[in-house]
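First the structure, in the form of structure tokens, and then the observations on it.
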Amino acid sequence: MASKKKLYLIDGSSYIFRAFFGIRHNLSNSKGQPTNALYGFTTMLMKVVREEQPDYLAVVFDSKEKTFRHDMYADYKANRDVPPEDLAVQFPYFEPLVDAFNIKSLRKPGYEADDIIGTLAREGEKAGMDVTIVSGDKDMMQLITDKIHMLDTMKEKRFGIDDVKEKFGVEPERVIEVMGLMGDSSDHIPGVKGVGPKTATDLIQKYGSIQGLYEHLDEIDKAKLKEKLETDKDNALLSRELVTIKLDTPLDCKIEDLEARDPDNNKLRELFTDLEFKTLLAALPEGEGHDGAASASGSEIKRDYDTILDDTALDDLIKKLKKAKAFALDLETTSKRPVKAKMVGISFSWAEGEACYIPVAHRYLGVPEQLDKQHVLDKLKPLLEDPKLEKYGHNIKYDLIVLHNEGVQLQGIVFDSMLASYVLDPSRRSHSLDDLALETFQHTTIKYSDVAGSASKQVGFDEVEIERASEYAAEDSDVTYRLTRHFEKQLKGEDLELYETIELPLLEVLAEMELTGVLLDTDHLKKLSKKLEKDLKKIEDEIYALAGEPFNINSPKQLSTILFDKLNLRTVKKTKSGYSTDVSVLEELAAEHDLPDKILNYRQFAKMKSTYVDALQGEVFKETGRIHTSYNQTVAATGRLSSSDPNLQNIPIRSEVGREIRKAFLADKGCWLLSADYSQIELRLLAHLSGDPALIRAFKNNEDIHSRTAAEIFGQPIDQVDPEGRRMAKAVNFGIVYGLSAYGLSRQLKITPKEAKTFIDQYFDLYKNVKTFMDETIEMARHNGYTKTMMNRRRYMPDINSKNRQVREAAERTAINSPVQGSAADYIKMAMLHIHDKMLKEKLESRMILQVHDELIFECPEGEKKTMEPLVKKAMEGVAKLKVPLTVNMDWGENWSDAH
């Protein structure tokens, strides 16, 4: 018996907006043309065609003209905002894209996309087809039957009759009754004022319809509800009509006209080139005409995967890997935290499409017999520790750490596809294996949630059935192998040098730091937590006294009531839910009343207590007594490292609480902590890059740059600069590096924008070359589409030519900062590599344990203090020859606070 034909109706208008708001807004081509909605819309189309393989399909759009609903109700959709400018400029491309895919696009003046979809869905159902409406719009749920379903590809969820009942509490055919009562503010459909979803559902469940409800209105025993229903009866009936999707829309096409066809790859090539969808373009096949659907709509990669369950197969695998001399590997474990993780299995790939998985620790009822983990590791150890056999990985630092804890010292790491992706484009939306596979090969990988579940239903990987785990794990190694081959060809010249000299070798240094960890004094943190609790209670009482009553300090709504209704303070910024009480608002209001300042103090203390003082205590590993943060190389677009689990980058350095937290970071017994912190490295790099004589002279004379700037601007001797003048000059010095505007500086210094502009103008008059450098940097970014650090790390600036002024100015600020901050990041990484190599050569017991922005922390035995201090200083200060000296502040202490 032939299977039913599948009809897919895509709600194009809905997906345009969802793509726009769901994908980062700085996605643009080199001309500054925003492309985020277009990219999301395109990949969604490809996903539907690739994964669903429809026999018939259409993309349906709303028409610009008013519809018959506006004739019924003039205020229909009256409160809809005008589309954002960055979206409006993308509108002309959507239908040409659909046309290039050879998919029928439909719209009809006077009707909405919903009406066209509803009409075609019913026709498809009558013709015996399985119909799927691709949309996330709840209004469409009224169309669902046993033959018509809804698919939300962005949530990867399919909806049937039971899902409608779960959401609305009624069957699909009665959804319009519920919606008629509750209305819809987004479409300005009135409904019955004061009747929400729950009440509407209860009423329709009882009376079946709006008509049935009004026939039994005298049974409503709640007087207020009855009054609302009586008052808004006409609105209820009107709203029901407005939300009802028309099922007899006159159309110029038939179902047969929607038959799926191969895409027109020439048209796609032209559009992808114009929009600069490089990865999508690369996936298109060569040749003319309609080349077949596989490439444009994605295709499955060929695969030959095995599961290794006995010694014979394991021995055969080892022979293959030795013969290949290069292979990708990927571990499956019990935890995302590498220092905590235990191996569950390991996969290998030695050629495209060829991979295997060796399960060693799966546990569930009926699990097949697996090879013993230690036996497998013993057999693989010579292979994994052989530096002549080349290893590839995707975030291979993770595998390196896990294997180390399993007794294997992984050697021969020659490629990490995640790092390669990052070096080639640090601003890429994601460097994950799944996303890179989709972008590079148009291949949708098996997701972790596909095999292990998600949220509360997620199980450990050791509980996943081996058959499912094997396909997932082997695919990861296979895709890693393929990405390695792909990125090897792309990494050339400066990118290759940056990758080979900094990023790849650094991963082993970071792995060692993560494995070492840092000793934490939890007793100190417990005492600090109790002290902060008392401090918070004191501030809380002061806040209540100033407010004249107790209230929930953490409730923006209640705080807003106190500030603006009771105390009548000036409203600064409005949000959808009322008046804003964010940090910028409170900082502005602090000059007018004591309460906002107290709220800011309360928030800071509460955040420090929860984020660090309390949370860090739970991060200590019982096995080591230390915390083991993870360093991330591929997060910050500037090239800086970030840390997570826990994040140690943002502990305040100058606040009293911040210093107390740092006291909890200890040196081991018989050791000291050495702090080595670059002094004003970004300003020194600005002096070098701009070649400004006044800046260079100040640094060469070892002057305090902030006092020097204040002295020149205020026209006074440097020894007469007061702390307030130095503070203001410091804000300007560092603000300039970050492209700070006059308005931003005025907020920071609490002066008028006019005064701030005068300050900035005086700065540029003093350091004229800095202004020239900034202007030239922006112009180069505008011309090239990217900026570069001194080590030639590129950062792409797709928004530098944006027509949106705010977006463009934000890109200009980024362009100014990136070469400076990025060069600083490159140099501390280089210093880490040099120091690590020197410590190895001299066989020192000292260990690098922390990196926080421009600071390195070392744990050193007492006997190595005299060796380590000059070693570190020489490496850090000698990492580059600049027009000004790089200087490092160094100190020792038994804890991090004392050493800083």
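Within each chain, counting starts at residue 1; across the structure tokens, chains are named A, B, ... in the order shown, with ligands numbered 1 upward in that order.
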
Find the residues near Arg684 (chain A): any atom within 9 Å, counting only C-alpha atoms, skip ones fewer than 6 places away on the same chain, and give them as a PDB file with N, CA and C atoms, in the first residue's frame.
```pdb
ATOM      1  N   LEU A 695      51.880  60.473  24.966  1.00  0.00           N
ATOM      2  CA  LEU A 695      51.651  59.223  25.701  1.00  0.00           C
ATOM      3  C   LEU A 695      52.949  58.440  25.853  1.00  0.00           C
ATOM      4  N   ILE A 696      53.703  58.344  24.782  1.00  0.00           N
ATOM      5  CA  ILE A 696      54.962  57.594  24.808  1.00  0.00           C
ATOM      6  C   ILE A 696      55.922  58.215  25.814  1.00  0.00           C
ATOM      7  N   PHE A 699      54.932  57.381  29.468  1.00  0.00           N
ATOM      8  CA  PHE A 699      55.250  56.011  29.874  1.00  0.00           C
ATOM      9  C   PHE A 699      56.757  55.783  29.965  1.00  0.00           C
ATOM     10  N   LEU A 882      57.955  47.089  22.283  1.00  0.00           N
ATOM     11  CA  LEU A 882      57.055  48.191  21.955  1.00  0.00           C
ATOM     12  C   LEU A 882      57.787  49.529  22.062  1.00  0.00           C
ATOM     13  N   LYS A 883      57.103  50.579  21.663  1.00  0.00           N
ATOM     14  CA  LYS A 883      57.673  51.928  21.759  1.00  0.00           C
ATOM     15  C   LYS A 883      57.687  52.417  23.199  1.00  0.00           C
ATOM     16  N   VAL A 884      56.941  51.713  24.054  1.00  0.00           N
ATOM     17  CA  VAL A 884      56.933  52.012  25.492  1.00  0.00           C
ATOM     18  C   VAL A 884      57.194  50.714  26.237  1.00  0.00           C
ATOM     19  N   PRO A 885      57.736  50.789  27.445  1.00  0.00           N
ATOM     20  CA  PRO A 885      58.011  49.548  28.181  1.00  0.00           C
ATOM     21  C   PRO A 885      56.736  48.895  28.710  1.00  0.00           C
ATOM     22  N   LEU A 886      56.688  47.560  28.658  1.00  0.00           N
ATOM     23  CA  LEU A 886      55.646  46.817  29.371  1.00  0.00           C
ATOM     24  C   LEU A 886      56.161  46.590  30.786  1.00  0.00           C
TER      25      LEU A 886
END
```

Using only C-alpha atoms, which protein or nucleic acid residues come within 9 Å of region 530-537 of chain A? Drop anything in the same chain fewer than 5 positions from it, and give the result as a list in words.
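My list of contacting residues is Leu525, Glu542, Asn601, Tyr602, Phe605, Ala606, Met608, Lys609 and Val657 of chain A.
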
Could you write out the selected residues, including N, CA and C atoms, as a compact mmCIF listing (two decimals), in the first residue's frame?
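Written output follows (again_4.txt):
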```
# COMPACT_ATOMS: atom_id res chain seq x y z
N LEU A 525 35.19 31.69 54.04
CA LEU A 525 34.00 32.07 53.29
C LEU A 525 32.73 31.91 54.11
N GLU A 542 17.76 49.85 56.88
CA GLU A 542 17.95 51.24 56.46
C GLU A 542 17.06 51.56 55.25
N ASN A 601 23.73 49.37 46.91
CA ASN A 601 24.61 48.68 47.87
C ASN A 601 24.05 47.31 48.22
N TYR A 602 22.77 47.26 48.44
CA TYR A 602 22.11 45.99 48.79
C TYR A 602 22.30 44.97 47.66
N PHE A 605 25.99 43.74 47.52
CA PHE A 605 26.32 42.81 48.59
C PHE A 605 25.61 41.46 48.37
N ALA A 606 24.36 41.51 47.96
CA ALA A 606 23.59 40.27 47.74
C ALA A 606 24.20 39.45 46.61
N MET A 608 27.38 39.54 45.56
CA MET A 608 28.68 39.01 45.99
C MET A 608 28.48 37.78 46.89
N LYS A 609 27.49 37.87 47.75
CA LYS A 609 27.23 36.75 48.67
C LYS A 609 26.78 35.50 47.91
N VAL A 657 34.65 43.74 50.05
CA VAL A 657 34.14 42.37 49.97
C VAL A 657 34.95 41.57 48.95
```

Could you pull out the residues in region 573-801 of chain A that DSSP calls strand (DSSP E) from the backbone, as a PyMOL selection string?
chain A and resi 574-575+578-579+626-627+630-632+642-644+665-666+671-678+786-788+794-796

Residues near region 842-857 of chain A, anyone? I mean within 7 Å using only C-alpha atoms, not counting same-chain ones fewer than 6 positions away, as a PyMOL selection string.
chain A and resi 513+516-518+649+673-678+828

With N, CA and C atoms kept, could you save the residues just selected as a tab-separated table (two decimals), in the first residue's frame?
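As written to disk, part-v5.tsv reads:
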```tsv
chain	number	residue	atom	x	y	z
A	513	MET	N	46.54	23.96	34.23
A	513	MET	CA	46.03	24.88	35.25
A	513	MET	C	44.71	24.38	35.82
A	516	THR	N	45.34	21.49	38.13
A	516	THR	CA	45.98	21.91	39.38
A	516	THR	C	44.96	22.54	40.32
A	517	GLY	N	44.17	23.47	39.82
A	517	GLY	CA	43.19	24.15	40.65
A	517	GLY	C	43.83	25.08	41.65
A	518	VAL	N	43.00	25.62	42.53
A	518	VAL	CA	43.51	26.53	43.56
A	518	VAL	C	42.84	26.20	44.89
A	649	GLN	N	36.57	35.56	36.80
A	649	GLN	CA	37.06	36.76	36.13
A	649	GLN	C	36.48	38.05	36.69
A	673	LEU	N	51.82	32.46	47.12
A	673	LEU	CA	51.20	32.87	45.86
A	673	LEU	C	51.95	34.08	45.32
A	674	LEU	N	52.25	34.03	44.04
A	674	LEU	CA	52.89	35.14	43.34
A	674	LEU	C	51.88	35.73	42.36
A	675	SER	N	51.60	37.02	42.52
A	675	SER	CA	50.73	37.72	41.58
A	675	SER	C	51.58	38.55	40.64
A	676	ALA	N	51.36	38.41	39.35
A	676	ALA	CA	52.07	39.19	38.33
A	676	ALA	C	51.02	39.85	37.44
A	677	ASP	N	50.92	41.18	37.53
A	677	ASP	CA	49.83	41.91	36.88
A	677	ASP	C	50.40	42.98	35.96
A	678	TYR	N	50.04	42.90	34.67
A	678	TYR	CA	50.47	43.94	33.74
A	678	TYR	C	49.95	45.30	34.20
A	828	ILE	N	49.34	38.25	26.86
A	828	ILE	CA	49.36	37.48	28.11
A	828	ILE	C	49.33	35.99	27.80
```

Please identify all polymer residues within 6 Å of region 658-670 of chain A, counting only C-alpha atoms, omitting same-chain residues fewer than 5 positions from it, and present them as JSON, numbers by chain.
{"A": [519, 520, 521, 651, 652, 653, 861, 894, 895, 896, 897]}

Separation of CA of Lys700 (chain A) and CA of Ala731 (chain A), in Å?
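One can read the CA of Lys700 (chain A) to CA of Ala731 (chain A) distance as 21.6 Å.
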
If we count only C-alpha atoms and set the cut-off at 9 Å, which residues sit around Val872 (chain A), ignoring sequence neighbours fewer than 5 positions away in its own chain? Please answer as a PyMOL selection string.
chain A and resi 676+831+834-835+867+877

Residues from last step as file, N, CA and C atoms, as a PDB file, in the first residue's frame:
```pdb
ATOM      1  N   ALA A 676      51.359  38.405  39.349  1.00  0.00           N
ATOM      2  CA  ALA A 676      52.069  39.191  38.335  1.00  0.00           C
ATOM      3  C   ALA A 676      51.019  39.853  37.442  1.00  0.00           C
ATOM      4  N   ALA A 831      52.853  35.143  26.999  1.00  0.00           N
ATOM      5  CA  ALA A 831      53.638  35.106  28.239  1.00  0.00           C
ATOM      6  C   ALA A 831      53.385  33.803  28.990  1.00  0.00           C
ATOM      7  N   HIS A 834      55.430  31.086  27.312  1.00  0.00           N
ATOM      8  CA  HIS A 834      56.870  31.215  27.593  1.00  0.00           C
ATOM      9  C   HIS A 834      57.189  30.780  29.016  1.00  0.00           C
ATOM     10  N   ILE A 835      56.350  31.225  29.961  1.00  0.00           N
ATOM     11  CA  ILE A 835      56.596  30.880  31.372  1.00  0.00           C
ATOM     12  C   ILE A 835      56.446  29.374  31.581  1.00  0.00           C
ATOM     13  N   THR A 867      63.720  32.219  42.171  1.00  0.00           N
ATOM     14  CA  THR A 867      63.797  31.816  40.756  1.00  0.00           C
ATOM     15  C   THR A 867      62.577  32.310  39.981  1.00  0.00           C
ATOM     16  N   GLU A 877      57.354  40.923  30.663  1.00  0.00           N
ATOM     17  CA  GLU A 877      57.777  42.237  30.162  1.00  0.00           C
ATOM     18  C   GLU A 877      58.506  42.134  28.828  1.00  0.00           C
TER      19      GLU A 877
END
```

Which neighbours of Arg795 (chain A) fall inside 7 Å, counting only C-alpha atoms, when residues of the same chain fewer than 4 positions from it are skipped, and could you give them as a ChimeraX atom specification?
/A:425-427,637,786-788
